[in-house]
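What follows is the content of model06.pdb, which has PDB, C-alpha atoms:
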MODEL        1
ATOM      1  CA  MET A   1       3.423 108.056  40.440
ATOM      2  CA  HIS A   2       6.372 109.512  42.239
ATOM      3  CA  THR A   3       9.448 110.151  40.090
ATOM      4  CA  PRO A   4      12.739 109.874  41.990
ATOM      5  CA  THR A   5      15.032 112.827  41.769
ATOM      6  CA  ALA A   6      18.707 112.399  40.929
ATOM      7  CA  THR A   7      21.238 113.250  43.614
ATOM      8  CA  PRO A   8      23.286 116.268  42.522
ATOM      9  CA  PRO A   9      26.939 115.461  41.890
ATOM     10  CA  PRO A  10      29.452 116.582  44.481
ATOM     11  CA  THR A  11      31.328 119.774  43.955
ATOM     12  CA  SER A  12      34.806 119.675  42.486
ATOM     13  CA  THR A  13      36.368 120.314  45.878
ATOM     14  CA  GLY A  14      34.603 117.391  47.508
ATOM     15  CA  LEU A  15      34.235 119.427  50.693
ATOM     16  CA  CYS A  16      31.272 120.892  52.465
ATOM     17  CA  PRO A  17      31.499 124.578  53.276
ATOM     18  CA  GLY A  18      32.057 123.743  56.908
ATOM     19  CA  HIS A  19      35.027 121.551  56.038
ATOM     20  CA  ARG A  20      36.967 124.063  53.967
ATOM     21  CA  SER A  21      38.375 125.880  56.959
ATOM     22  CA  GLU A  22      39.510 122.556  58.453
ATOM     23  CA  HIS A  23      41.183 121.601  55.160
ATOM     24  CA  ARG A  24      42.959 124.963  55.033
ATOM     25  CA  LEU A  25      44.020 124.571  58.671
ATOM     26  CA  ARG A  26      45.589 121.218  57.893
ATOM     27  CA  GLY A  27      47.526 122.787  55.041
ATOM     28  CA  ASP A  28      48.758 125.526  57.361
ATOM     29  CA  ARG A  29      49.836 122.909  59.866
ATOM     30  CA  GLY A  30      51.869 121.229  57.132
ATOM     31  CA  VAL A  31      53.654 124.486  56.336
ATOM     32  CA  TYR A  32      54.308 125.198  60.024
ATOM     33  CA  GLY A  33      55.542 121.646  60.527
ATOM     34  CA  TRP A  34      57.976 122.033  57.623
ATOM     35  CA  LYS A  35      59.325 125.245  59.123
ATOM     36  CA  ILE A  36      59.718 123.723  62.585
ATOM     37  CA  ASN A  37      61.458 120.622  61.224
ATOM     38  CA  SER A  38      63.795 122.787  59.152
ATOM     39  CA  LEU A  39      64.741 124.853  62.195
ATOM     40  CA  ALA A  40      65.349 121.687  64.210
ATOM     41  CA  LEU A  41      67.601 120.324  61.473
ATOM     42  CA  LEU A  42      69.456 123.633  61.323
ATOM     43  CA  ALA A  43      70.092 123.558  65.076
ATOM     44  CA  ASP A  44      71.552 120.035  64.918
ATOM     45  CA  ALA A  45      73.107 120.153  61.481
ATOM     46  CA  GLY A  46      76.658 120.042  62.784
ATOM     47  CA  HIS A  47      76.128 116.803  64.713
ATOM     48  CA  ASN A  48      74.518 114.460  62.241
ATOM     49  CA  LEU A  49      75.179 113.988  58.546
ATOM     50  CA  SER A  50      71.613 112.820  57.968
ATOM     51  CA  ASP A  51      70.317 116.095  59.425
ATOM     52  CA  VAL A  52      72.565 118.031  57.062
ATOM     53  CA  ALA A  53      71.189 116.052  54.106
ATOM     54  CA  GLY A  54      67.625 116.667  55.272
ATOM     55  CA  LEU A  55      68.292 120.376  55.626
ATOM     56  CA  VAL A  56      69.835 120.618  52.152
ATOM     57  CA  LEU A  57      66.902 118.691  50.688
ATOM     58  CA  ALA A  58      64.261 120.823  52.419
ATOM     59  CA  TRP A  59      65.662 124.260  51.646
ATOM     60  CA  GLY A  60      67.074 123.241  48.285
ATOM     61  CA  GLY A  61      63.652 122.068  47.164
ATOM     62  CA  ALA A  62      62.060 125.299  48.325
ATOM     63  CA  LEU A  63      64.621 127.455  46.495
ATOM     64  CA  VAL A  64      64.307 125.409  43.310
ATOM     65  CA  SER A  65      60.524 125.742  43.384
ATOM     66  CA  ALA A  66      60.802 129.489  43.881
ATOM     67  CA  GLY A  67      63.254 129.777  40.991
ATOM     68  CA  VAL A  68      60.986 127.811  38.668
ATOM     69  CA  VAL A  69      57.979 129.962  39.561
ATOM     70  CA  VAL A  70      59.872 133.227  39.029
ATOM     71  CA  ALA A  71      61.377 132.024  35.725
ATOM     72  CA  GLY A  72      57.987 130.859  34.477
ATOM     73  CA  ALA A  73      56.334 134.148  35.397
ATOM     74  CA  LEU A  74      59.000 136.222  33.670
ATOM     75  CA  THR A  75      58.846 134.005  30.584
ATOM     76  CA  LEU A  76      55.077 134.491  30.283
ATOM     77  CA  TRP A  77      55.215 138.192  31.088
ATOM     78  CA  MET A  78      58.309 139.299  29.163
ATOM     79  CA  GLY A  79      58.534 136.531  26.574
ATOM     80  CA  TRP A  80      62.081 135.617  27.605
ATOM     81  CA  VAL A  81      62.181 132.043  26.341
ATOM     82  CA  TRP A  82      65.929 131.869  26.991
ATOM     83  CA  LEU A  83      65.370 132.340  30.719
ATOM     84  CA  ASP A  84      64.191 128.780  31.344
ATOM     85  CA  PRO A  85      67.426 127.002  30.287
ATOM     86  CA  VAL A  86      69.529 129.649  32.038
ATOM     87  CA  VAL A  87      67.665 129.164  35.319
ATOM     88  CA  SER A  88      67.956 125.386  34.911
ATOM     89  CA  LEU A  89      71.739 125.656  34.578
ATOM     90  CA  LEU A  90      71.927 127.991  37.573
ATOM     91  CA  ILE A  91      69.867 125.593  39.686
ATOM     92  CA  ALA A  92      72.130 122.711  38.662
ATOM     93  CA  ALA A  93      75.248 124.718  39.576
ATOM     94  CA  VAL A  94      73.831 125.778  42.950
ATOM     95  CA  SER A  95      72.799 122.196  43.712
ATOM     96  CA  LEU A  96      76.290 120.932  42.877
ATOM     97  CA  VAL A  97      78.012 123.523  45.053
ATOM     98  CA  GLY A  98      75.564 123.057  47.916
ATOM     99  CA  THR A  99      75.869 119.281  48.022
ATOM    100  CA  TRP A 100      79.582 118.876  47.286
ATOM    101  CA  ASN A 101      80.631 118.989  50.942
ATOM    102  CA  LEU A 102      77.860 116.541  51.804
ATOM    103  CA  PHE A 103      79.101 114.177  49.085
ATOM    104  CA  ARG A 104      82.689 114.483  50.344
ATOM    105  CA  GLN A 105      81.693 113.674  53.922
ATOM    106  CA  SER A 106      79.563 110.741  52.792
ATOM    107  CA  LEU A 107      82.469 109.323  50.780
ATOM    108  CA  HIS A 108      84.790 109.844  53.753
ATOM    109  CA  LEU A 109      82.306 107.974  55.949
ATOM    110  CA  LEU A 110      82.016 105.163  53.409
ATOM    111  CA  PHE A 111      85.771 104.507  53.553
ATOM    112  CA  ASP A 112      85.888 104.559  57.394
ATOM    113  CA  GLY A 113      87.836 107.812  57.606
ATOM    114  CA  VAL A 114      88.348 109.740  60.818
ATOM    115  CA  PRO A 115      85.353 112.080  61.259
ATOM    116  CA  ASP A 116      86.059 115.781  60.779
ATOM    117  CA  SER A 117      84.802 116.501  64.299
ATOM    118  CA  VAL A 118      87.512 114.317  65.894
ATOM    119  CA  ASP A 119      91.088 115.427  66.578
ATOM    120  CA  PRO A 120      93.226 112.243  66.557
ATOM    121  CA  GLN A 121      96.264 113.974  68.039
ATOM    122  CA  ALA A 122      94.267 115.371  70.965
ATOM    123  CA  MET A 123      92.811 111.931  71.606
ATOM    124  CA  HIS A 124      96.276 110.332  71.490
ATOM    125  CA  ASP A 125      97.614 112.920  73.928
ATOM    126  CA  TYR A 126      94.722 112.277  76.316
ATOM    127  CA  LEU A 127      95.284 108.504  76.313
ATOM    128  CA  LEU A 128      99.004 109.039  76.860
ATOM    129  CA  SER A 129      98.268 111.303  79.847
ATOM    130  CA  LEU A 130      96.346 108.597  81.702
ATOM    131  CA  PRO A 131      98.105 107.413  84.889
ATOM    132  CA  GLY A 132     100.523 104.573  84.283
ATOM    133  CA  ILE A 133     100.367 104.787  80.466
ATOM    134  CA  SER A 134     103.749 105.071  78.763
ATOM    135  CA  ARG A 135     102.851 104.514  75.127
ATOM    136  CA  VAL A 136      99.814 104.326  72.826
ATOM    137  CA  HIS A 137      99.725 101.773  69.994
ATOM    138  CA  ASP A 138      97.323 101.009  67.157
ATOM    139  CA  LEU A 139      94.986 103.957  67.659
ATOM    140  CA  HIS A 140      92.110 103.609  65.204
ATOM    141  CA  ILE A 141      89.153 105.996  64.945
ATOM    142  CA  TRP A 142      86.284 105.676  62.503
ATOM    143  CA  ALA A 143      82.608 106.538  62.123
ATOM    144  CA  MET A 144      80.095 103.734  62.604
ATOM    145  CA  GLY A 145      77.291 105.872  61.226
ATOM    146  CA  THR A 146      76.264 109.487  60.859
ATOM    147  CA  SER A 147      76.337 110.115  64.632
ATOM    148  CA  GLU A 148      78.429 107.333  66.221
ATOM    149  CA  VAL A 149      82.227 107.156  66.433
ATOM    150  CA  ALA A 150      84.291 104.124  67.450
ATOM    151  CA  LEU A 151      87.832 103.924  68.867
ATOM    152  CA  THR A 152      90.282 101.102  69.486
ATOM    153  CA  ALA A 153      93.773 101.433  70.997
ATOM    154  CA  HIS A 154      96.540  99.497  72.756
ATOM    155  CA  LEU A 155      97.767 101.093  75.976
ATOM    156  CA  VAL A 156     101.161 100.139  77.418
ATOM    157  CA  THR A 157     101.425 100.045  81.233
ATOM    158  CA  PRO A 158     104.899  98.774  82.239
ATOM    159  CA  SER A 159     104.237  99.145  85.969
ATOM    160  CA  GLY A 160     101.138  96.993  86.164
ATOM    161  CA  HIS A 161      97.770  96.040  84.692
ATOM    162  CA  ALA A 162      94.854  98.464  84.548
ATOM    163  CA  ASP A 163      91.714  97.394  86.389
ATOM    164  CA  ASP A 164      88.053  97.751  85.434
ATOM    165  CA  GLY A 165      87.785 101.125  87.167
ATOM    166  CA  PHE A 166      90.585 102.517  85.008
ATOM    167  CA  LEU A 167      88.946 101.280  81.800
ATOM    168  CA  GLU A 168      85.535 102.599  82.842
ATOM    169  CA  GLY A 169      86.950 106.028  83.674
ATOM    170  CA  ALA A 170      88.855 106.249  80.385
ATOM    171  CA  THR A 171      85.775 105.197  78.432
ATOM    172  CA  ASP A 172      83.604 107.793  80.167
ATOM    173  CA  GLN A 173      86.143 110.557  79.551
ATOM    174  CA  LEU A 174      86.469 109.640  75.882
ATOM    175  CA  HIS A 175      82.707 109.934  75.576
ATOM    176  CA  GLU A 176      82.522 113.233  77.461
ATOM    177  CA  ARG A 177      85.497 114.931  75.813
ATOM    178  CA  PHE A 178      85.451 113.521  72.285
ATOM    179  CA  ASP A 179      81.922 112.093  71.911
ATOM    180  CA  ILE A 180      83.230 108.557  71.339
ATOM    181  CA  THR A 181      80.296 106.150  71.625
ATOM    182  CA  HIS A 182      82.120 102.809  71.201
ATOM    183  CA  THR A 183      85.503 102.347  72.914
ATOM    184  CA  THR A 184      87.735  99.265  72.964
ATOM    185  CA  LEU A 185      90.998  99.535  74.935
ATOM    186  CA  GLN A 186      93.571  96.751  75.182
ATOM    187  CA  VAL A 187      96.094  97.093  78.001
ATOM    188  CA  VAL A 188      99.491  95.376  77.802
ATOM    189  CA  ASN A 189     102.637  95.443  79.943
ATOM    190  CA  VAL A 190     105.139  94.861  77.129
ATOM    191  CA  PRO A 191     104.543  96.482  73.713
ATOM    192  CA  PHE A 192     104.492  94.098  70.782
ATOM    193  CA  THR A 193     103.641  96.653  68.067
ATOM    194  CA  LYS A 194     105.057 100.014  67.078
ATOM    195  CA  ALA A 195     103.800 103.110  68.875
ATOM    196  CA  CYS A 196     101.663 105.656  67.032
ATOM    197  CA  GLY A 197     103.832 107.951  64.920
ATOM    198  CA  GLU A 198     106.759 105.523  64.606
TER     199      GLU A 198
ENDMDL
END

Can you present the structure in this file as structure tokens?
Amino acid sequence: MHTPTATPPPTSTGLCPGHRSEHRLRGDRGVYGWKINSLALLADAGHNLSDVAGLVLAWGGALVSAGVVVAGALTLWMGWVWLDPVVSLLIAAVSLVGTWNLFRQSLHLLFDGVPDSVDPQAMHDYLLSLPGISRVHDLHIWAMGTSEVALTAHLVTPSGHADDGFLEGATDQLHERFDITHTTLQVVNVPFTKACGE
């Protein structure tokens, strides 16, 4: 009578020898992908608040991990049990300093403040320099998100009414010069509100 043999249990890795190199290659790809994404965020960090947050998260996590490993190794090797709380406090301080500007910009965005990348006076001067414009009223600039800025303004043209070509040209120039993505301009012949700065 034939006695069936039991199938040997799989190894702890769960991988055949031929698959180990593929598994290691996938891990290397993950590391390379993290580096590439971090460099991409660094290149565009000044244009998008979300990219800045992603960059802080990526490199901050790496530095924290490195600090924990070094502190743990020194504690085991030298017996410095006081090193762990000290490193924890240092990591907390570095995290606070590194994210404070990000928190300030986020709060500024939440309350519809003028983005730091926009110069309101330069924008006012440009609108005032448009042909036929004598005054600029109710100029409002705010961020609609982490990468979009909106503008509304009243333009006074005593000599006549601006046509569609004028509005299209002004909108295009505001986008090219100041990166304004949403523009609303109201043109009037007689001002009914106070001019900016009055």

Query - the PyMOL selection byres ((chain A and resi 158) around 10) resolved against shown file, as a VMD selection string - result: chain A and resid 132 to 135 155 to 157 159 to 161 187 to 191

Starting from 5 Å padding per side, set up an axis-aligned box that covers all listed atoms of stretch 175-182 of chain A and hand over centre and edge lengths in Å, one decimal, as AutoDock Vina command-line options.
--center_x 82.9 --center_y 108.9 --center_z 74.3 --size_x 15.2 --size_y 22.1 --size_z 16.3

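Across the model, the gap from atom CA of A:Ser95 to atom CA of A:Thr75 is 22.5 Å.
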
**Report entry** Nearest to A:Ser117 by atom-to-atom distance, counting only C-alpha atoms, from A:Phe178, A:Gly145, A:Trp59, A:Val86
**Finding:**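 Going through A:Phe178, A:Gly145, A:Trp59, A:Val86 one by one, the smallest distance to A:Ser117 is for A:Phe178.
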
Report task. State, in Å with one decimal place, the distance from atom CA of A:Ala143 to atom CA of A:Ser129. Result ->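 Taking atom CA of A:Ala143 and atom CA of A:Ser129, their separation equals 24.1 Å.
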
Quick one: residues within 10 Å of A:Asp116, all atoms listed in the file counted, chain neighbours fewer than 4 positions away excluded, as a PDB file with C-alpha atoms, in the frame of the given file?
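Once written, part_35.pdb looks like this:
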ATOM      1  CA  GLN A 105      81.693 113.674  53.922  1.00  0.00           C
ATOM      2  CA  HIS A 108      84.790 109.844  53.753  1.00  0.00           C
ATOM      3  CA  LEU A 109      82.306 107.974  55.949  1.00  0.00           C
ATOM      4  CA  PRO A 120      93.226 112.243  66.557  1.00  0.00           C
ATOM      5  CA  ALA A 143      82.608 106.538  62.123  1.00  0.00           C
TER       6      ALA A 143
END

Query raised in the report: Of the residues A:Ala62, A:Val68, A:Val149, A:Leu130, which is the one nearest to A:Phe166, using all atoms listed in the file?
Result: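 Of all the options, A:Leu130 lies closest to A:Phe166.
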
Query raised in the report: What is the distance, in Å and to one decimal place, between atom CA of A:His182 and atom CA of A:Leu151?
Result: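 These atoms are spaced 6.3 Å apart.
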
Query raised in the report: Which residue gives the smallest distance to A:Glu168 among A:Ile141, A:Val87, A:Leu185, A:Ile180, with all atoms listed in the file counted?
Result: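 Between A:Ile141, A:Val87, A:Leu185, A:Ile180, the residue approaching A:Glu168 most closely is A:Leu185.
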
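All polymer residues at most 10 Å from (95.4, 104.5, 66.2), using only C-alpha atoms, appear as Pro120, Gln121, Met123, His124, Val136, His137, Asp138, Leu139, His140, Ile141, Trp142, Leu151, Thr152, Ala153, His154, Ala195, Cys196 and Gly197 of chain A.
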
Please fill the gaps in stretch 165-194 of chain A so it has N, CA and C atoms, and write that as a compact mmCIF listing (two decimals), keeping the file's coordinate frame.
# COMPACT_ATOMS: atom_id res chain seq x y z
N GLY A 165 88.06 99.72 86.86
CA GLY A 165 87.78 101.12 87.17
C GLY A 165 88.54 102.06 86.25
N PHE A 166 89.78 101.71 85.93
CA PHE A 166 90.58 102.52 85.01
C PHE A 166 89.95 102.54 83.62
N LEU A 167 89.55 101.37 83.13
CA LEU A 167 88.95 101.28 81.80
C LEU A 167 87.61 102.01 81.75
N GLU A 168 86.83 101.90 82.81
CA GLU A 168 85.54 102.60 82.84
C GLU A 168 85.73 104.11 82.84
N GLY A 169 86.69 104.60 83.63
CA GLY A 169 86.95 106.03 83.67
C GLY A 169 87.44 106.56 82.35
N ALA A 170 88.35 105.81 81.69
CA ALA A 170 88.86 106.25 80.39
C ALA A 170 87.75 106.26 79.34
N THR A 171 86.88 105.25 79.39
CA THR A 171 85.78 105.20 78.43
C THR A 171 84.81 106.36 78.63
N ASP A 172 84.51 106.67 79.88
CA ASP A 172 83.60 107.79 80.17
C ASP A 172 84.20 109.12 79.71
N GLN A 173 85.50 109.31 79.95
CA GLN A 173 86.14 110.56 79.55
C GLN A 173 86.22 110.69 78.03
N LEU A 174 86.45 109.58 77.34
CA LEU A 174 86.47 109.64 75.88
C LEU A 174 85.09 110.02 75.33
N HIS A 175 84.06 109.57 76.01
CA HIS A 175 82.71 109.93 75.58
C HIS A 175 82.41 111.40 75.88
N GLU A 176 82.82 111.86 77.07
CA GLU A 176 82.52 113.23 77.46
C GLU A 176 83.34 114.24 76.66
N ARG A 177 84.61 113.97 76.46
CA ARG A 177 85.50 114.93 75.81
C ARG A 177 85.43 114.88 74.29
N PHE A 178 85.33 113.67 73.74
CA PHE A 178 85.45 113.52 72.28
C PHE A 178 84.21 112.91 71.64
N ASP A 179 83.18 112.65 72.42
CA ASP A 179 81.92 112.09 71.91
C ASP A 179 82.14 110.74 71.24
N ILE A 180 83.00 109.91 71.82
CA ILE A 180 83.23 108.56 71.34
C ILE A 180 82.17 107.65 71.96
N THR A 181 81.41 106.96 71.12
CA THR A 181 80.30 106.15 71.62
C THR A 181 80.66 104.68 71.79
N HIS A 182 81.71 104.22 71.10
CA HIS A 182 82.12 102.81 71.20
C HIS A 182 83.64 102.78 71.39
N THR A 183 84.09 102.34 72.58
CA THR A 183 85.50 102.35 72.91
C THR A 183 85.97 100.93 73.24
N THR A 184 87.10 100.54 72.65
CA THR A 184 87.74 99.26 72.96
C THR A 184 89.21 99.54 73.25
N LEU A 185 89.63 99.30 74.51
CA LEU A 185 91.00 99.54 74.94
C LEU A 185 91.64 98.21 75.36
N GLN A 186 92.80 97.93 74.80
CA GLN A 186 93.57 96.75 75.18
C GLN A 186 94.81 97.20 75.93
N VAL A 187 94.98 96.69 77.14
CA VAL A 187 96.09 97.09 78.00
C VAL A 187 97.13 95.98 78.04
N VAL A 188 98.39 96.34 77.78
CA VAL A 188 99.49 95.38 77.80
C VAL A 188 100.63 95.93 78.64
N ASN A 189 101.47 95.02 79.17
CA ASN A 189 102.64 95.44 79.94
C ASN A 189 103.87 95.64 79.06
N VAL A 190 104.00 94.78 78.03
CA VAL A 190 105.14 94.86 77.13
C VAL A 190 104.62 95.12 75.72
N PRO A 191 105.05 96.18 75.07
CA PRO A 191 104.54 96.48 73.71
C PRO A 191 105.02 95.45 72.71
N PHE A 192 104.13 95.04 71.84
CA PHE A 192 104.49 94.10 70.78
C PHE A 192 104.21 94.67 69.39
N THR A 193 103.80 95.95 69.34
CA THR A 193 103.64 96.65 68.07
C THR A 193 104.30 98.02 68.19
N LYS A 194 104.45 98.70 67.06
CA LYS A 194 105.06 100.01 67.08
C LYS A 194 104.09 101.05 67.64
